[in-house]
file entry-v3.txt (compact mmCIF, C-alpha atoms)
# COMPACT_ATOMS: atom_id res chain seq x y z
CA MET A 1 0.00 0.00 0.00
CA ARG A 2 1.37 3.40 -1.03
CA VAL A 3 0.42 7.07 -0.81
CA ILE A 4 -1.03 7.96 -4.21
CA ALA A 5 -0.51 11.73 -4.46
CA GLY A 6 1.13 14.78 -2.93
CA GLU A 7 4.43 15.28 -1.12
CA ALA A 8 4.62 11.62 0.01
CA HIS A 9 3.57 10.21 -3.38
CA GLY A 10 4.73 6.62 -3.81
CA ARG A 11 5.86 6.17 -0.20
CA ARG A 12 4.85 2.94 1.52
CA LEU A 13 2.31 2.69 4.32
CA VAL A 14 2.24 -0.15 6.84
CA ALA A 15 -0.94 -1.70 8.19
CA PRO A 16 -1.55 -3.74 11.33
CA ARG A 17 -1.30 -7.50 10.82
CA GLY A 18 -4.42 -9.59 10.69
CA LEU A 19 -7.89 -9.24 9.26
CA SER A 20 -9.27 -6.64 11.66
CA THR A 21 -8.01 -3.70 9.56
CA ARG A 22 -9.06 -3.04 5.96
CA PRO A 23 -6.87 -0.24 4.63
CA ALA A 24 -8.50 1.80 1.88
CA THR A 25 -7.16 0.65 -1.48
CA ALA A 26 -5.54 3.07 -3.89
CA ARG A 27 -8.70 2.95 -6.03
CA VAL A 28 -10.94 3.85 -3.09
CA ARG A 29 -8.62 6.65 -1.92
CA ALA A 30 -8.35 8.03 -5.47
CA SER A 31 -12.15 8.16 -5.75
CA ILE A 32 -12.58 9.78 -2.34
CA PHE A 33 -9.93 12.45 -2.90
CA SER A 34 -11.05 13.19 -6.44
CA ARG A 35 -14.54 13.97 -5.12
CA LEU A 36 -13.26 15.89 -2.10
CA GLY A 37 -10.82 17.90 -4.21
CA SER A 38 -13.65 19.12 -6.42
CA ARG A 39 -15.67 20.23 -3.37
CA LEU A 40 -13.18 21.88 -1.01
CA ASP A 41 -9.58 22.99 -0.58
CA ILE A 42 -7.87 19.99 0.99
CA SER A 43 -4.75 22.05 1.75
CA ALA A 44 -6.69 24.25 4.17
CA SER A 45 -8.38 21.34 5.91
CA ARG A 46 -8.16 19.81 9.33
CA VAL A 47 -8.86 16.07 9.10
CA LEU A 48 -10.41 13.62 11.55
CA ASP A 49 -9.87 9.93 10.73
CA ILE A 50 -12.16 7.76 12.91
CA PHE A 51 -11.42 4.00 13.05
CA ALA A 52 -8.18 4.99 11.35
CA GLY A 53 -6.60 1.52 11.13
CA SER A 54 -3.40 2.15 9.17
CA GLY A 55 -4.20 5.85 8.85
CA SER A 56 -4.22 5.60 5.05
CA LEU A 57 -7.00 8.18 4.56
CA GLY A 58 -5.57 10.75 6.97
CA CYS A 59 -2.02 10.23 5.67
CA GLU A 60 -3.25 10.68 2.10
CA ALA A 61 -4.90 13.96 3.12
CA LEU A 62 -1.71 15.15 4.83
CA SER A 63 0.35 14.22 1.79
CA ARG A 64 -2.02 16.38 -0.27
CA GLY A 65 -1.34 19.33 2.04
CA ALA A 66 -3.99 19.11 4.79
CA ARG A 67 -3.02 21.30 7.76
CA ALA A 68 -3.41 18.62 10.42
CA ALA A 69 -4.94 15.21 11.05
CA THR A 70 -6.30 13.57 14.16
CA PHE A 71 -6.44 9.79 14.10
CA ILE A 72 -8.73 7.76 16.38
CA ASP A 73 -8.46 4.03 16.88
CA SER A 74 -8.85 1.80 19.93
CA SER A 75 -6.37 -0.84 18.72
CA ARG A 76 -2.81 -0.70 20.01
CA ASP A 77 -1.56 -2.28 16.76
CA ALA A 78 -3.42 0.30 14.65
CA VAL A 79 -2.02 3.18 16.72
CA ALA A 80 1.50 1.75 16.31
CA ALA A 81 1.01 1.53 12.52
CA ILE A 82 -0.28 5.12 12.35
CA ALA A 83 2.67 6.34 14.44
CA ARG A 84 5.12 4.50 12.19
CA ASN A 85 3.47 5.82 9.01
CA SER A 86 3.53 9.37 10.40
CA ARG A 87 7.20 9.03 11.29
CA ASP A 88 8.17 7.40 7.96
CA LEU A 89 6.30 10.08 5.98
CA ARG A 90 7.83 12.84 8.16
CA LEU A 91 4.43 14.33 9.00
CA GLY A 92 5.70 15.65 12.33
CA ASP A 93 3.53 17.92 14.41
CA ARG A 94 0.61 17.82 11.95
CA VAL A 95 -0.44 14.46 13.46
CA ARG A 96 -2.34 13.69 16.65
CA ILE A 97 -3.20 10.08 17.54
CA LEU A 98 -5.88 9.19 20.08
CA GLN A 99 -5.98 5.58 21.24
CA ASN A 100 -9.44 5.36 22.69
CA ASP A 101 -13.02 4.27 22.10
CA PHE A 102 -14.51 6.58 19.47
CA ARG A 103 -17.16 7.91 21.87
CA ARG A 104 -14.59 9.03 24.45
CA ALA A 105 -12.22 10.42 21.84
CA LEU A 106 -14.97 12.42 20.12
CA ALA A 107 -16.22 13.78 23.47
CA GLU A 108 -12.63 14.85 24.28
CA LEU A 109 -12.34 16.67 20.94
CA ALA A 110 -15.71 18.38 21.45
CA ALA A 111 -14.70 19.49 24.95
CA SER A 112 -11.69 21.21 23.33
CA ASP A 113 -13.96 22.95 20.77
CA GLU A 114 -12.30 21.14 17.87
CA SER A 115 -13.82 21.14 14.40
CA PHE A 116 -12.73 19.54 11.15
CA GLU A 117 -13.28 20.24 7.46
CA ILE A 118 -12.92 16.54 6.56
CA VAL A 119 -14.10 13.62 8.71
CA PHE A 120 -13.53 10.01 7.65
CA VAL A 121 -15.72 7.30 9.19
CA ASP A 122 -14.53 3.78 8.38
CA ALA A 123 -16.16 1.50 10.95
CA SER A 124 -15.79 -2.26 10.98
CA TYR A 125 -18.00 -4.04 8.46
CA LYS A 126 -18.79 -6.66 11.10
CA ASN A 127 -19.96 -4.12 13.71
CA ASP A 128 -21.01 -1.16 11.58
CA VAL A 129 -21.67 1.78 13.90
CA SER A 130 -21.44 4.36 11.10
CA SER A 131 -24.90 5.79 11.86
CA ASP A 132 -23.99 6.25 15.53
CA VAL A 133 -20.71 7.95 14.64
CA LEU A 134 -22.32 10.21 12.05
CA ALA A 135 -24.99 11.31 14.53
CA LEU A 136 -22.37 11.86 17.25
CA VAL A 137 -19.99 14.01 15.16
CA ASP A 138 -23.01 16.02 14.05
CA ARG A 139 -24.38 16.46 17.60
CA LEU A 140 -20.94 17.39 19.00
CA ASN A 141 -20.40 20.00 16.26
CA LEU A 142 -17.12 18.45 15.18
CA ILE A 143 -17.75 19.26 11.52
CA ALA A 144 -16.85 22.78 10.40
CA LEU A 145 -19.34 24.72 8.30
CA GLY A 146 -18.93 23.57 4.72
CA GLY A 147 -17.06 20.50 5.94
CA TYR A 148 -17.53 16.96 4.64
CA VAL A 149 -17.97 13.58 6.26
CA VAL A 150 -16.95 10.56 4.18
CA VAL A 151 -18.40 7.23 5.29
CA ARG A 152 -17.02 3.95 3.92
CA GLN A 153 -19.25 0.91 4.47
CA PHE A 154 -20.04 -2.51 3.08
CA HIS A 155 -22.22 -1.85 0.02
CA ARG A 156 -25.18 -3.76 1.49
CA ALA A 157 -25.17 -1.98 4.87
CA PRO A 158 -28.00 0.48 5.49
CA ALA A 159 -26.94 4.02 4.60
CA PRO A 160 -26.44 6.16 7.70
CA LEU A 161 -28.51 9.27 8.30
CA ALA A 162 -27.81 12.41 10.33
CA ALA A 163 -30.42 15.13 10.70
CA GLY A 164 -27.93 18.02 10.75
CA LEU A 165 -26.01 16.91 7.67
CA GLU A 166 -26.91 17.16 4.01
CA PHE A 167 -26.42 14.05 1.88
CA ASP A 168 -24.12 14.99 -1.00
CA SER A 169 -23.38 11.89 -3.07
CA GLU A 170 -22.58 8.20 -3.01
CA ALA A 171 -20.34 5.85 -4.98
CA THR A 172 -20.03 2.07 -4.99
CA LEU A 173 -16.60 0.58 -5.66
CA GLY A 174 -16.50 -3.20 -5.45
CA ASP A 175 -17.95 -4.11 -2.06
CA HIS A 176 -17.55 -0.55 -0.69
CA ARG A 177 -20.18 2.17 -0.46
CA ILE A 178 -18.64 5.60 -0.06
CA ALA A 179 -21.13 8.27 1.00
CA PHE A 180 -20.43 12.00 1.29
CA TYR A 181 -22.28 14.28 3.71
CA ARG A 182 -21.89 18.04 4.11
CA ARG A 183 -22.43 20.49 6.95
CA ALA A 184 -24.35 23.21 5.10
call {"tool": "encode", "arguments": {"input": "entry-v3.txt", "output": "structure tokens"}}
result
Amino acid sequence: MRVIAGEAHGRRLVAPRGLSTRPATARVRASIFSRLGSRLDISASRVLDIFAGSGSLGCEALSRGARAATFIDSSRDAVAAIARNSRDLRLGDRVRILQNDFRRALAELAASDESFEIVFVDASYKNDVSSDVLALVDRLNLIALGGYVVVRQFHRAPAPLAAGLEFDSEATLGDHRIAFYRRA
């Protein structure tokens, strides 16, 4: 797995061993960033990567010039992979990693009045809590005005809904559904 564009183009990313992490493929990341790039200025964005796994989505955003990225994952192996990728890509102080349950981590960010222009939600296919996460980031005001939430799910999972967010678009790539929501 490699970064596909930006300052770290072509550099390798590591992922935790085992089947519990599904890093976004180059095809999926290319589709996501093509759509995001046509909707907002990625270089001015603060990114939140929830269920980050290897950190491939947040690292891709940073490589494309995002100001900062916060990664959330409860797995020690995932956090170690994100830390290694950040170090190998020389992302430095633009990275913050929170090893915690998503509910606690999001509450901590809200208590600090954080907001993000891009939020990635990539919950486990087996225990898809995407709707819960979408509602929580909306309720906690973690999405900046004009910001986007990108949700990656199994293509047969029910599409998440959030009252305060506007559905923008959806794409299906293989067994992935990628849905875009916007804070109007």
call {"tool": "atom_distance", "arguments": {"input": "entry-v3.txt", "atom1": "atom CA of A:Arg87", "atom2": "atom CA of A:Leu13"}}
result
10.6 Å
call {"tool": "residues_around", "arguments": {"input": "entry-v3.txt", "residues": "stretch 103-109 of chain A", "least_positions_apart": "3", "cutoff": "8 Å", "atoms": "only C-alpha atoms", "output": "list in words"}}
result
Ile72, Leu98, Gln99, Asn100, Ser112, Asp113, Glu114, Leu136, Val137, Leu140 and Leu142 of chain A
call {"tool": "residues_around", "arguments": {"input": "entry-v3.txt", "residues": "stretch 36-47 of chain A", "least_positions_apart": "2", "cutoff": "9 Å", "atoms": "only C-alpha atoms", "output": "list in words"}}
result
Ser31, Ile32, Phe33, Ser34, Asp49, Gly58, Ala61, Leu62, Arg64, Gly65, Ala66, Arg67, Ala68, Ala69, Thr70, Phe71, Ser115, Phe116, Glu117, Ile118, Val119, Phe120, Gly146, Gly147, Tyr148 and Phe180 of chain A
call {"tool": "atom_distance", "arguments": {"input": "entry-v3.txt", "atom1": "atom CA of A:Gly53", "atom2": "atom CA of A:Val3"}}
result
14.9 Å
call {"tool": "residues_around", "arguments": {"input": "entry-v3.txt", "residues": "A:Arg29", "least_positions_apart": "5", "cutoff": "9 Å", "atoms": "only C-alpha atoms", "output": "short mmCIF file (atom, residue, chain, number, x, y, z; two decimals) with C-alpha atoms, in the coordinates of the input"}}
result
data_model
loop_
_atom_site.label_atom_id
_atom_site.label_comp_id
_atom_site.auth_asym_id
_atom_site.auth_seq_id
_atom_site.Cartn_x
_atom_site.Cartn_y
_atom_site.Cartn_z
CA ILE A 4 -1.03 7.96 -4.21
CA ALA A 24 -8.50 1.80 1.88
CA SER A 34 -11.05 13.19 -6.44
CA SER A 56 -4.22 5.60 5.05
CA LEU A 57 -7.00 8.18 4.56
CA GLU A 60 -3.25 10.68 2.10
#
call {"tool": "atom_distance", "arguments": {"input": "entry-v3.txt", "atom1": "atom CA of A:Phe167", "atom2": "atom CA of A:Cys59"}}
result
25.0 Å
call {"tool": "closest_residue", "arguments": {"input": "entry-v3.txt", "among": "A:Leu89, A:Ala157, A:Ile82, A:Ala184", "to": "A:Asp138", "atoms": "all atoms listed in the file"}}
result
A:Ala184
call {"tool": "residues_near_point", "arguments": {"input": "entry-v3.txt", "point": "(-20.0, 0.8, 5.6)", "cutoff": "9 Å", "atoms": "all atoms listed in the file", "output": "number ranges by chain"}}
result
A: 121-125, 128-130, 151-160, 176-179
call {"tool": "closest_residue", "arguments": {"input": "entry-v3.txt", "among": "A:Lys126, A:Arg27, A:Arg17, A:Arg35", "to": "A:Ser75", "atoms": "only C-alpha atoms"}}
result
A:Arg17
call {"tool": "closest_residue", "arguments": {"input": "entry-v3.txt", "among": "A:Met1, A:Pro23, A:Asp77, A:Arg183", "to": "A:Ala144", "atoms": "only C-alpha atoms"}}
result
A:Arg183
call {"tool": "closest_residue", "arguments": {"input": "entry-v3.txt", "among": "A:Ser169, A:Thr25, A:Ser74, A:Asn127", "to": "A:Ala52", "atoms": "all atoms listed in the file"}}
result
A:Ser74
call {"tool": "closest_residue", "arguments": {"input": "entry-v3.txt", "among": "A:Val149, A:Leu48, A:Thr172, A:Pro16", "to": "A:Ala83", "atoms": "all atoms listed in the file"}}
result
A:Pro16
call {"tool": "residues_around", "arguments": {"input": "entry-v3.txt", "residues": "A:Ser54", "least_positions_apart": "3", "cutoff": "6 Å", "atoms": "all atoms listed in the file", "output": "PDB file with C-alpha atoms, in the coordinates of the input"}}
result
ATOM      1  CA  ALA A  15      -0.940  -1.700   8.190  1.00  0.00           C
ATOM      2  CA  ALA A  78      -3.420   0.300  14.650  1.00  0.00           C
ATOM      3  CA  ALA A  81       1.010   1.530  12.520  1.00  0.00           C
ATOM      4  CA  ILE A  82      -0.280   5.120  12.350  1.00  0.00           C
TER       5      ILE A  82
END
call {"tool": "closest_residue", "arguments": {"input": "entry-v3.txt", "among": "A:Val150, A:Ile50, A:Val14, A:Leu145", "to": "A:Asp101", "atoms": "all atoms listed in the file"}}
result
A:Ile50
call {"tool": "build_atoms", "arguments": {"input": "entry-v3.txt", "residues": "stretch 61-77 of chain A", "atoms": "N, CA and C atoms", "output": "JSON list (two decimals), in the frame of the given file"}}
result
[["chain", "number", "residue", "atom", "x", "y", "z"],
["A", 61, "ALA", "N", -4.51, 12.55, 3.02],
["A", 61, "ALA", "CA", -4.90, 13.96, 3.12],
["A", 61, "ALA", "C", -3.71, 14.83, 3.49],
["A", 62, "LEU", "N", -2.89, 14.38, 4.44],
["A", 62, "LEU", "CA", -1.71, 15.15, 4.83],
["A", 62, "LEU", "C", -0.72, 15.26, 3.69],
["A", 63, "SER", "N", -0.54, 14.18, 2.93],
["A", 63, "SER", "CA", 0.35, 14.22, 1.79],
["A", 63, "SER", "C", -0.12, 15.24, 0.76],
["A", 64, "ARG", "N", -1.43, 15.42, 0.67],
["A", 64, "ARG", "CA", -2.02, 16.38, -0.27],
["A", 64, "ARG", "C", -2.09, 17.78, 0.31],
["A", 65, "GLY", "N", -1.49, 17.99, 1.50],
["A", 65, "GLY", "CA", -1.34, 19.33, 2.04],
["A", 65, "GLY", "C", -2.28, 19.71, 3.17],
["A", 66, "ALA", "N", -3.10, 18.77, 3.67],
["A", 66, "ALA", "CA", -3.99, 19.11, 4.79],
["A", 66, "ALA", "C", -3.15, 19.69, 5.93],
["A", 67, "ARG", "N", -3.75, 20.64, 6.66],
["A", 67, "ARG", "CA", -3.02, 21.30, 7.76],
["A", 67, "ARG", "C", -2.68, 20.36, 8.88],
["A", 68, "ALA", "N", -3.62, 19.51, 9.28],
["A", 68, "ALA", "CA", -3.41, 18.62, 10.42],
["A", 68, "ALA", "C", -4.39, 17.46, 10.33],
["A", 69, "ALA", "N", -4.04, 16.36, 10.99],
["A", 69, "ALA", "CA", -4.94, 15.21, 11.05],
["A", 69, "ALA", "C", -4.93, 14.63, 12.45],
["A", 70, "THR", "N", -6.12, 14.27, 12.90],
["A", 70, "THR", "CA", -6.30, 13.57, 14.16],
["A", 70, "THR", "C", -6.80, 12.18, 13.83],
["A", 71, "PHE", "N", -6.10, 11.19, 14.35],
["A", 71, "PHE", "CA", -6.44, 9.79, 14.10],
["A", 71, "PHE", "C", -7.01, 9.19, 15.37],
["A", 72, "ILE", "N", -8.13, 8.45, 15.23],
["A", 72, "ILE", "CA", -8.73, 7.76, 16.38],
["A", 72, "ILE", "C", -8.82, 6.28, 16.07],
["A", 73, "ASP", "N", -8.29, 5.48, 16.97],
["A", 73, "ASP", "CA", -8.46, 4.03, 16.88],
["A", 73, "ASP", "C", -8.24, 3.46, 18.28],
["A", 74, "SER", "N", -8.98, 2.41, 18.60],
["A", 74, "SER", "CA", -8.85, 1.80, 19.93],
["A", 74, "SER", "C", -7.79, 0.71, 19.96],
["A", 75, "SER", "N", -7.33, 0.26, 18.81],
["A", 75, "SER", "CA", -6.37, -0.84, 18.72],
["A", 75, "SER", "C", -4.93, -0.35, 18.91],
["A", 76, "ARG", "N", -4.22, -1.03, 19.78],
["A", 76, "ARG", "CA", -2.81, -0.70, 20.01],
["A", 76, "ARG", "C", -1.99, -0.92, 18.74],
["A", 77, "ASP", "N", -2.29, -2.00, 18.00],
["A", 77, "ASP", "CA", -1.56, -2.28, 16.76],
["A", 77, "ASP", "C", -1.83, -1.21, 15.70]]
